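Trainee: Structure provided below as structure tokens; questions to follow.
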Amino acid sequence: MSAPSAGSGATPPHGGPGNPGHVAAAGLSLSPFRGLRYVPERVGTLAAVTSPPYDVVDPHRRLSLETADPHNVVRLILPRPEPDDTGERPDRDTRYRHAARLLKRWLGEGVLAPDPKPALYVYEQRTAADSPSGELLQRGLIGALAVSGRESGVVLPHEDVMPRPVADRVGLMRTTRANLEPLLLTYRGKGGAAAVIERTVEREPLLTTTTSDGTRHRLWAVTDRAQLAEVTRDLATCRALIADGHHRWEMYLRLQREHRHLPFSPWDRGMVLLVDTARYPLRVRAIHRVLFRLPLERALAALNTAEDGWQLEKLSGDLNEALDALAAAKLAGGNAFVLTAGDSVYHLLTGPDEALLNATVPKEKPEEWRHLDATVLHATLLEHVWQVPDGPDDIGYLHAAVAAEREAARTGGTAVLLHPVDEGVVRRLAEQGVTMPRKSTSFGPKPATGLVLRSLELG
């Protein structure tokens, strides 16, 4: 997802390479840092210690990662200490302390080690044409980005956040004093940073590994002062869109505020992957909902198809055919959803009419926002028609349709499958300062967690 240039006349911000202090927000400021990386000789394979981002790891995948290698990074990002002698489950603080102890232990044992020099890291992801996700090449820069709020207009969020996940990430980072996984941000540069990336990938990488999904990951360190300056000049005129990591960006902001009394604070920066989408466009996928306490028959019965303009069609075929029908309905215009109880029976829901939208969706928002599927789902269906509370006990968010199906079957609830939002819509709304309903989009490919970490103890 791209964000526009802030203009060639922007003043470069303070806090670039060599100045880690507080930042005057005028453009993107990405600083090198001494990355913590796994020592290959101390782990089974690098692939076995990586993980997807914390919020896409379901319980089954979590167990698989934990057993892949005793040092898998999922033990840090989703810590799970053993129950105590009484059988009691550990509370959050215990989980956070457990992660901090693990990180300290792995450093002491030489499982993780800091790089000798601060660096920006060129990161490449490549998949083959026959891989599940198809052929793809993405390159970007991992560094410590100056943290700034929405009011600065430098880093643009496009989704709202939920308090509980933010609090969870704040507690984990505060206790471990580390950025454990990079956020995914996008920008459009003028070529300087891209030129550094393309020159760097001609060299021998620091690491190469291929994960189980067929993606090859490569990482290089950029430490040359002239090249770092070239990146700084390019990024200083740019702003970025948060593609993935809204809750973690809010975590960065909260922890920065907690430490604002420090004149030179490592909390003023957070680890991100910056991708220039003029060269490497991201893919946009939908995030589906599971309504744990709403059985499908109740969901269907509550729809007033006569008065409110809803239309229901029972579909024939499998999940892929249902998603094809959803895509076709979106091409025809209007709102569309697929409902299922996870029993391989699918219902296409389209509508409603404008009268119901006007009665349930805030009128002060842009029309494009008012007609988003996620907006209509939350404001009209969940709040007005189905009266589902907006909380984690009632609504689950799944990135894969098959996982949403499975969860609906397990809980006896209803899976609501959505079609991806066009990235142009996301960009236009973000530029207006309008956030989409949370968990509206899934941008990818997401960076693997575990290839490089940032310890705040190293500055």
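Ordered as shown in the structure tokens, chains take letters A, B, and onward, while each chain numbers its residues from 1 and ligands are numbered from 1 in the order shown.
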Neighbours of Leu429 (chain A) within 12 Å (only C-alpha atoms; same-chain residues fewer than 2 positions away dropped), as a VMD selection string?
Mentor: chain A and resid 3 156 to 159 241 365 to 370 372 421 to 427 431 to 437
Trainee: Name the residues in contact with region 178-181 of chain A at a cut-off of 10 Å, using only C-alpha atoms, excluding same-chain residues fewer than 6 positions from it; report them as a count of residues only.
Mentor: 35
Trainee: Go through A:Val284, A:Ala221, A:Val155, A:Val345 and flag the residue nearest Tyr123 (chain A), using only C-alpha atoms for the distances.
Mentor: A:Ala221
Trainee: Determine the nearest neighbour of Thr441 (chain A) from the options A:Arg289, A:Gln387, A:Ala329, A:His217, counting only C-alpha atoms.
Mentor: A:Arg289
Trainee: Between A:Thr209, A:Thr200, A:Glu297, A:Gly351, which residue has the minimum interatomic distance to Leu339 (chain A), considering only C-alpha atoms?
Mentor: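 Of the candidates, the smallest distance to Leu339 (chain A) is held by A:Glu297.
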Trainee: Residues within 9 Å of Asp244 (chain A), please, as a short mmCIF file (atom, residue, chain, number, x, y, z; two decimals) with N, CA and C atoms, in the first residue's frame. Count only C-alpha atoms; anything in the same chain fewer than 4 positions from it doesn't count.
Mentor:
data_model
loop_
_atom_site.label_atom_id
_atom_site.label_comp_id
_atom_site.auth_asym_id
_atom_site.auth_seq_id
_atom_site.Cartn_x
_atom_site.Cartn_y
_atom_site.Cartn_z
N LEU A 183 7.21 -4.03 12.24
CA LEU A 183 5.94 -3.65 11.64
C LEU A 183 6.16 -3.49 10.14
N LEU A 184 5.12 -3.62 9.35
CA LEU A 184 5.20 -3.45 7.90
C LEU A 184 4.60 -2.10 7.53
N LEU A 185 5.44 -1.19 7.00
CA LEU A 185 5.01 0.12 6.56
C LEU A 185 5.39 0.30 5.09
N ARG A 248 0.80 -2.56 17.32
CA ARG A 248 2.19 -2.40 17.76
C ARG A 248 2.66 -0.96 17.57
N THR A 441 -8.27 -4.98 6.71
CA THR A 441 -7.40 -5.44 5.63
C THR A 441 -6.24 -6.24 6.18
N SER A 442 -5.68 -7.07 5.31
CA SER A 442 -4.44 -7.79 5.63
C SER A 442 -3.49 -7.59 4.46
N PHE A 443 -2.44 -6.80 4.70
CA PHE A 443 -1.45 -6.55 3.67
C PHE A 443 -0.33 -7.58 3.78
N GLY A 444 0.24 -7.94 2.66
CA GLY A 444 1.33 -8.89 2.70
C GLY A 444 2.16 -8.84 1.43
N LYS A 446 3.86 -10.46 4.83
CA LYS A 446 4.31 -9.94 6.10
C LYS A 446 5.74 -10.41 6.37
#
Trainee: Skip Leu326 (chain A) itself and residues of its chain fewer than 5 positions away, then list as a PDB file with all heavy atoms, in the first residue's frame all residues within 9 Å of it, counting only C-alpha atoms.
Mentor:
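Saved as selection_9.pdb:
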ATOM      1  N   GLU A 321     -15.672 -21.715  -4.499  1.00  0.00           N
ATOM      2  CA  GLU A 321     -16.783 -21.233  -5.331  1.00  0.00           C
ATOM      3  C   GLU A 321     -17.599 -20.172  -4.592  1.00  0.00           C
ATOM      4  O   GLU A 321     -18.101 -19.224  -5.207  1.00  0.00           O
ATOM      5  CB  GLU A 321     -17.668 -22.409  -5.754  1.00  0.00           C
ATOM      6  CG  GLU A 321     -16.977 -23.344  -6.750  1.00  0.00           C
ATOM      7  CD  GLU A 321     -17.758 -24.618  -7.005  1.00  0.00           C
ATOM      8  OE1 GLU A 321     -17.996 -25.367  -6.030  1.00  0.00           O
ATOM      9  OE2 GLU A 321     -18.135 -24.849  -8.160  1.00  0.00           O
ATOM     10  N   LEU A 331     -18.162  -7.033  -7.618  1.00  0.00           N
ATOM     11  CA  LEU A 331     -18.009  -6.379  -8.915  1.00  0.00           C
ATOM     12  C   LEU A 331     -19.312  -5.714  -9.353  1.00  0.00           C
ATOM     13  O   LEU A 331     -19.303  -4.686 -10.038  1.00  0.00           O
ATOM     14  CB  LEU A 331     -17.566  -7.396  -9.972  1.00  0.00           C
ATOM     15  CG  LEU A 331     -16.077  -7.760  -9.995  1.00  0.00           C
ATOM     16  CD1 LEU A 331     -15.809  -8.842 -11.027  1.00  0.00           C
ATOM     17  CD2 LEU A 331     -15.221  -6.523 -10.286  1.00  0.00           C
ATOM     18  N   ALA A 336     -21.488  -7.014   0.209  1.00  0.00           N
ATOM     19  CA  ALA A 336     -21.697  -8.458   0.055  1.00  0.00           C
ATOM     20  C   ALA A 336     -20.868  -9.210   1.080  1.00  0.00           C
ATOM     21  O   ALA A 336     -19.732  -8.831   1.387  1.00  0.00           O
ATOM     22  CB  ALA A 336     -21.330  -8.902  -1.361  1.00  0.00           C
ATOM     23  N   PHE A 337     -21.431 -10.306   1.606  1.00  0.00           N
ATOM     24  CA  PHE A 337     -20.788 -11.150   2.604  1.00  0.00           C
ATOM     25  C   PHE A 337     -21.184 -12.599   2.340  1.00  0.00           C
ATOM     26  O   PHE A 337     -22.247 -12.866   1.783  1.00  0.00           O
ATOM     27  CB  PHE A 337     -21.233 -10.776   4.025  1.00  0.00           C
ATOM     28  CG  PHE A 337     -21.224  -9.302   4.303  1.00  0.00           C
ATOM     29  CD1 PHE A 337     -22.355  -8.524   4.046  1.00  0.00           C
ATOM     30  CD2 PHE A 337     -20.097  -8.679   4.797  1.00  0.00           C
ATOM     31  CE1 PHE A 337     -22.363  -7.165   4.293  1.00  0.00           C
ATOM     32  CE2 PHE A 337     -20.090  -7.311   5.043  1.00  0.00           C
ATOM     33  CZ  PHE A 337     -21.229  -6.550   4.796  1.00  0.00           C
ATOM     34  N   VAL A 338     -20.345 -13.529   2.753  1.00  0.00           N
ATOM     35  CA  VAL A 338     -20.705 -14.942   2.763  1.00  0.00           C
ATOM     36  C   VAL A 338     -20.818 -15.383   4.210  1.00  0.00           C
ATOM     37  O   VAL A 338     -19.911 -15.144   5.019  1.00  0.00           O
ATOM     38  CB  VAL A 338     -19.679 -15.804   2.004  1.00  0.00           C
ATOM     39  CG1 VAL A 338     -19.902 -17.286   2.304  1.00  0.00           C
ATOM     40  CG2 VAL A 338     -19.791 -15.556   0.496  1.00  0.00           C
ATOM     41  N   LEU A 348     -24.884 -16.279   0.464  1.00  0.00           N
ATOM     42  CA  LEU A 348     -24.432 -14.971  -0.003  1.00  0.00           C
ATOM     43  C   LEU A 348     -25.431 -13.919   0.462  1.00  0.00           C
ATOM     44  O   LEU A 348     -26.621 -14.001   0.151  1.00  0.00           O
ATOM     45  CB  LEU A 348     -24.312 -14.959  -1.524  1.00  0.00           C
ATOM     46  CG  LEU A 348     -23.880 -13.625  -2.149  1.00  0.00           C
ATOM     47  CD1 LEU A 348     -22.462 -13.265  -1.740  1.00  0.00           C
ATOM     48  CD2 LEU A 348     -24.012 -13.682  -3.669  1.00  0.00           C
ATOM     49  N   LEU A 349     -24.947 -12.944   1.223  1.00  0.00           N
ATOM     50  CA  LEU A 349     -25.787 -11.862   1.731  1.00  0.00           C
ATOM     51  C   LEU A 349     -25.388 -10.570   1.038  1.00  0.00           C
ATOM     52  O   LEU A 349     -24.220 -10.160   1.108  1.00  0.00           O
ATOM     53  CB  LEU A 349     -25.617 -11.716   3.247  1.00  0.00           C
ATOM     54  CG  LEU A 349     -26.337 -10.533   3.910  1.00  0.00           C
ATOM     55  CD1 LEU A 349     -27.845 -10.679   3.792  1.00  0.00           C
ATOM     56  CD2 LEU A 349     -25.916 -10.402   5.378  1.00  0.00           C
ATOM     57  N   LEU A 417     -17.512 -14.065   5.934  1.00  0.00           N
ATOM     58  CA  LEU A 417     -16.368 -13.963   5.033  1.00  0.00           C
ATOM     59  C   LEU A 417     -16.490 -12.687   4.209  1.00  0.00           C
ATOM     60  O   LEU A 417     -17.566 -12.376   3.683  1.00  0.00           O
ATOM     61  CB  LEU A 417     -16.299 -15.185   4.119  1.00  0.00           C
ATOM     62  CG  LEU A 417     -16.369 -16.554   4.826  1.00  0.00           C
ATOM     63  CD1 LEU A 417     -16.224 -17.681   3.818  1.00  0.00           C
ATOM     64  CD2 LEU A 417     -15.307 -16.661   5.918  1.00  0.00           C
ATOM     65  N   LEU A 418     -15.385 -11.944   4.105  1.00  0.00           N
ATOM     66  CA  LEU A 418     -15.384 -10.661   3.418  1.00  0.00           C
ATOM     67  C   LEU A 418     -14.475 -10.699   2.194  1.00  0.00           C
ATOM     68  O   LEU A 418     -13.569 -11.541   2.099  1.00  0.00           O
ATOM     69  CB  LEU A 418     -14.926  -9.537   4.352  1.00  0.00           C
ATOM     70  CG  LEU A 418     -15.907  -9.105   5.450  1.00  0.00           C
ATOM     71  CD1 LEU A 418     -15.767  -9.997   6.669  1.00  0.00           C
ATOM     72  CD2 LEU A 418     -15.672  -7.652   5.835  1.00  0.00           C
ATOM     73  N   HIS A 419     -14.708  -9.769   1.289  1.00  0.00           N
ATOM     74  CA  HIS A 419     -13.869  -9.599   0.104  1.00  0.00           C
ATOM     75  C   HIS A 419     -12.820  -8.522   0.399  1.00  0.00           C
ATOM     76  O   HIS A 419     -13.110  -7.569   1.126  1.00  0.00           O
ATOM     77  CB  HIS A 419     -14.734  -9.187  -1.089  1.00  0.00           C
ATOM     78  CG  HIS A 419     -14.012  -9.180  -2.395  1.00  0.00           C
ATOM     79  ND1 HIS A 419     -13.551 -10.330  -2.993  1.00  0.00           N
ATOM     80  CD2 HIS A 419     -13.656  -8.153  -3.224  1.00  0.00           C
ATOM     81  CE1 HIS A 419     -12.964 -10.028  -4.134  1.00  0.00           C
ATOM     82  NE2 HIS A 419     -12.999  -8.714  -4.287  1.00  0.00           N
TER      83      HIS A 419
END
Trainee: Kindly give the distance, in Å, that separates CA of Val111 (chain A) and CA of Tyr38 (chain A), rounded to a single decimal.
Mentor: 5.8 Å
Trainee: Any chance you could list, as a ChimeraX atom specification, the residues in region 116-216 of chain A that come up strand (DSSP E or B) when DSSP is run on the backbone?
Mentor: /A:119-127,136-146,155-156,159,178-179,183-187,207-210,216
Trainee: Can you tell me which residues surround Gly171 (chain A) at a distance of at most 7 Å, considering only C-alpha atoms, apart from same-chain residues fewer than 4 positions away, and format the answer as a list in words?
Mentor: Tyr96, Ala167 and Thr175 of chain A
Trainee: Those selected residues, please, written with N, CA and C atoms and delivered as a PDB file, in the first residue's frame.
Mentor:
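After the write, again-v8.pdb holds the following:
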ATOM      1  N   TYR A  96       4.920 -12.051  30.619  1.00  0.00           N
ATOM      2  CA  TYR A  96       5.878 -11.055  30.150  1.00  0.00           C
ATOM      3  C   TYR A  96       7.246 -11.280  30.791  1.00  0.00           C
ATOM      4  N   ALA A 167      -2.652  -3.192  24.974  1.00  0.00           N
ATOM      5  CA  ALA A 167      -2.155  -3.345  26.344  1.00  0.00           C
ATOM      6  C   ALA A 167      -1.257  -4.572  26.466  1.00  0.00           C
ATOM      7  N   THR A 175       8.417  -5.028  29.358  1.00  0.00           N
ATOM      8  CA  THR A 175       9.126  -5.979  30.212  1.00  0.00           C
ATOM      9  C   THR A 175      10.363  -6.550  29.536  1.00  0.00           C
TER      10      THR A 175
END
Trainee: In Å, how far is it from CA of Tyr397 (chain A) to CA of His288 (chain A)?
Mentor: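 Pair CA of Tyr397 (chain A) / CA of His288 (chain A) returns 5.7 Å.
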Trainee: Could you give me, as a count of residues only, each residue of region 136-236 of chain A that DSSP assigns to alpha helix (DSSP H) when run on this structure's backbone?
Mentor: 34
Trainee: If we count only C-alpha atoms, what is near Ala278 (chain A) at a cut-off of 6 Å, once residues fewer than 2 positions away on the same chain are taken out, given as JSON, numbers by chain?
Mentor: {"A": [188, 276, 280]}
Trainee: Which value, in Å to one decimal, gives the distance between CA of Ser64 (chain A) and CA of Pro79 (chain A)?
Mentor: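 It comes out at 14.2 Å.
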Trainee: Show me, as a PDB file with N, CA, C and O atoms, in the first residue's frame, the residues that have an atom within 10 Å of region 390-394 of chain A when counting only C-alpha atoms, minus same-chain residues fewer than 3 positions from it.
Mentor:
ATOM      1  N   MET A 162      -7.804  -2.041  19.010  1.00  0.00           N
ATOM      2  CA  MET A 162      -8.568  -2.528  20.152  1.00  0.00           C
ATOM      3  C   MET A 162      -7.700  -2.408  21.402  1.00  0.00           C
ATOM      4  O   MET A 162      -6.499  -2.710  21.357  1.00  0.00           O
ATOM      5  N   ARG A 164      -7.337  -4.111  24.229  1.00  0.00           N
ATOM      6  CA  ARG A 164      -6.714  -5.271  24.861  1.00  0.00           C
ATOM      7  C   ARG A 164      -5.430  -5.712  24.155  1.00  0.00           C
ATOM      8  O   ARG A 164      -4.402  -5.918  24.824  1.00  0.00           O
ATOM      9  N   PRO A 165      -5.421  -5.873  22.824  1.00  0.00           N
ATOM     10  CA  PRO A 165      -4.161  -6.243  22.178  1.00  0.00           C
ATOM     11  C   PRO A 165      -3.066  -5.200  22.350  1.00  0.00           C
ATOM     12  O   PRO A 165      -1.882  -5.559  22.480  1.00  0.00           O
ATOM     13  N   ARG A 289     -14.527 -12.504   9.978  1.00  0.00           N
ATOM     14  CA  ARG A 289     -15.044 -12.477  11.347  1.00  0.00           C
ATOM     15  C   ARG A 289     -15.703 -13.809  11.693  1.00  0.00           C
ATOM     16  O   ARG A 289     -16.316 -14.444  10.826  1.00  0.00           O
ATOM     17  N   VAL A 290     -15.590 -14.205  12.948  1.00  0.00           N
ATOM     18  CA  VAL A 290     -16.366 -15.315  13.490  1.00  0.00           C
ATOM     19  C   VAL A 290     -17.139 -14.787  14.694  1.00  0.00           C
ATOM     20  O   VAL A 290     -16.547 -14.229  15.622  1.00  0.00           O
ATOM     21  N   LEU A 291     -18.446 -14.940  14.652  1.00  0.00           N
ATOM     22  CA  LEU A 291     -19.325 -14.488  15.732  1.00  0.00           C
ATOM     23  C   LEU A 291     -19.608 -15.687  16.616  1.00  0.00           C
ATOM     24  O   LEU A 291     -20.474 -16.515  16.334  1.00  0.00           O
ATOM     25  N   PHE A 292     -18.840 -15.790  17.691  1.00  0.00           N
ATOM     26  CA  PHE A 292     -18.810 -17.010  18.502  1.00  0.00           C
ATOM     27  C   PHE A 292     -20.168 -17.385  19.071  1.00  0.00           C
ATOM     28  O   PHE A 292     -20.499 -18.570  19.170  1.00  0.00           O
ATOM     29  N   ARG A 293     -20.953 -16.398  19.476  1.00  0.00           N
ATOM     30  CA  ARG A 293     -22.189 -16.675  20.216  1.00  0.00           C
ATOM     31  C   ARG A 293     -23.448 -16.466  19.374  1.00  0.00           C
ATOM     32  O   ARG A 293     -24.547 -16.397  19.919  1.00  0.00           O
ATOM     33  N   LEU A 294     -23.274 -16.353  18.072  1.00  0.00           N
ATOM     34  CA  LEU A 294     -24.422 -16.153  17.198  1.00  0.00           C
ATOM     35  C   LEU A 294     -24.526 -17.329  16.229  1.00  0.00           C
ATOM     36  O   LEU A 294     -23.823 -17.372  15.221  1.00  0.00           O
ATOM     37  N   HIS A 378     -20.052  -3.849  10.804  1.00  0.00           N
ATOM     38  CA  HIS A 378     -20.008  -3.499  12.224  1.00  0.00           C
ATOM     39  C   HIS A 378     -21.149  -2.569  12.632  1.00  0.00           C
ATOM     40  O   HIS A 378     -21.796  -2.796  13.649  1.00  0.00           O
ATOM     41  N   LEU A 382     -23.717  -6.019  12.852  1.00  0.00           N
ATOM     42  CA  LEU A 382     -23.363  -6.441  14.217  1.00  0.00           C
ATOM     43  C   LEU A 382     -24.094  -5.617  15.275  1.00  0.00           C
ATOM     44  O   LEU A 382     -24.647  -6.170  16.236  1.00  0.00           O
ATOM     45  N   GLU A 383     -24.090  -4.301  15.105  1.00  0.00           N
ATOM     46  CA  GLU A 383     -24.673  -3.453  16.145  1.00  0.00           C
ATOM     47  C   GLU A 383     -26.198  -3.380  16.053  1.00  0.00           C
ATOM     48  O   GLU A 383     -26.891  -3.497  17.062  1.00  0.00           O
ATOM     49  N   GLN A 387     -27.014  -7.343  16.995  1.00  0.00           N
ATOM     50  CA  GLN A 387     -26.750  -6.888  18.363  1.00  0.00           C
ATOM     51  C   GLN A 387     -25.663  -7.736  19.034  1.00  0.00           C
ATOM     52  O   GLN A 387     -25.830  -8.238  20.146  1.00  0.00           O
ATOM     53  N   TYR A 397     -11.223 -12.659  14.798  1.00  0.00           N
ATOM     54  CA  TYR A 397     -10.726 -12.165  13.516  1.00  0.00           C
ATOM     55  C   TYR A 397      -9.754 -13.191  12.942  1.00  0.00           C
ATOM     56  O   TYR A 397      -8.732 -13.497  13.564  1.00  0.00           O
ATOM     57  N   GLY A 413     -20.817 -20.956  16.087  1.00  0.00           N
ATOM     58  CA  GLY A 413     -21.142 -19.584  15.706  1.00  0.00           C
ATOM     59  C   GLY A 413     -21.261 -19.419  14.204  1.00  0.00           C
ATOM     60  O   GLY A 413     -21.446 -20.388  13.456  1.00  0.00           O
TER      61      GLY A 413
END
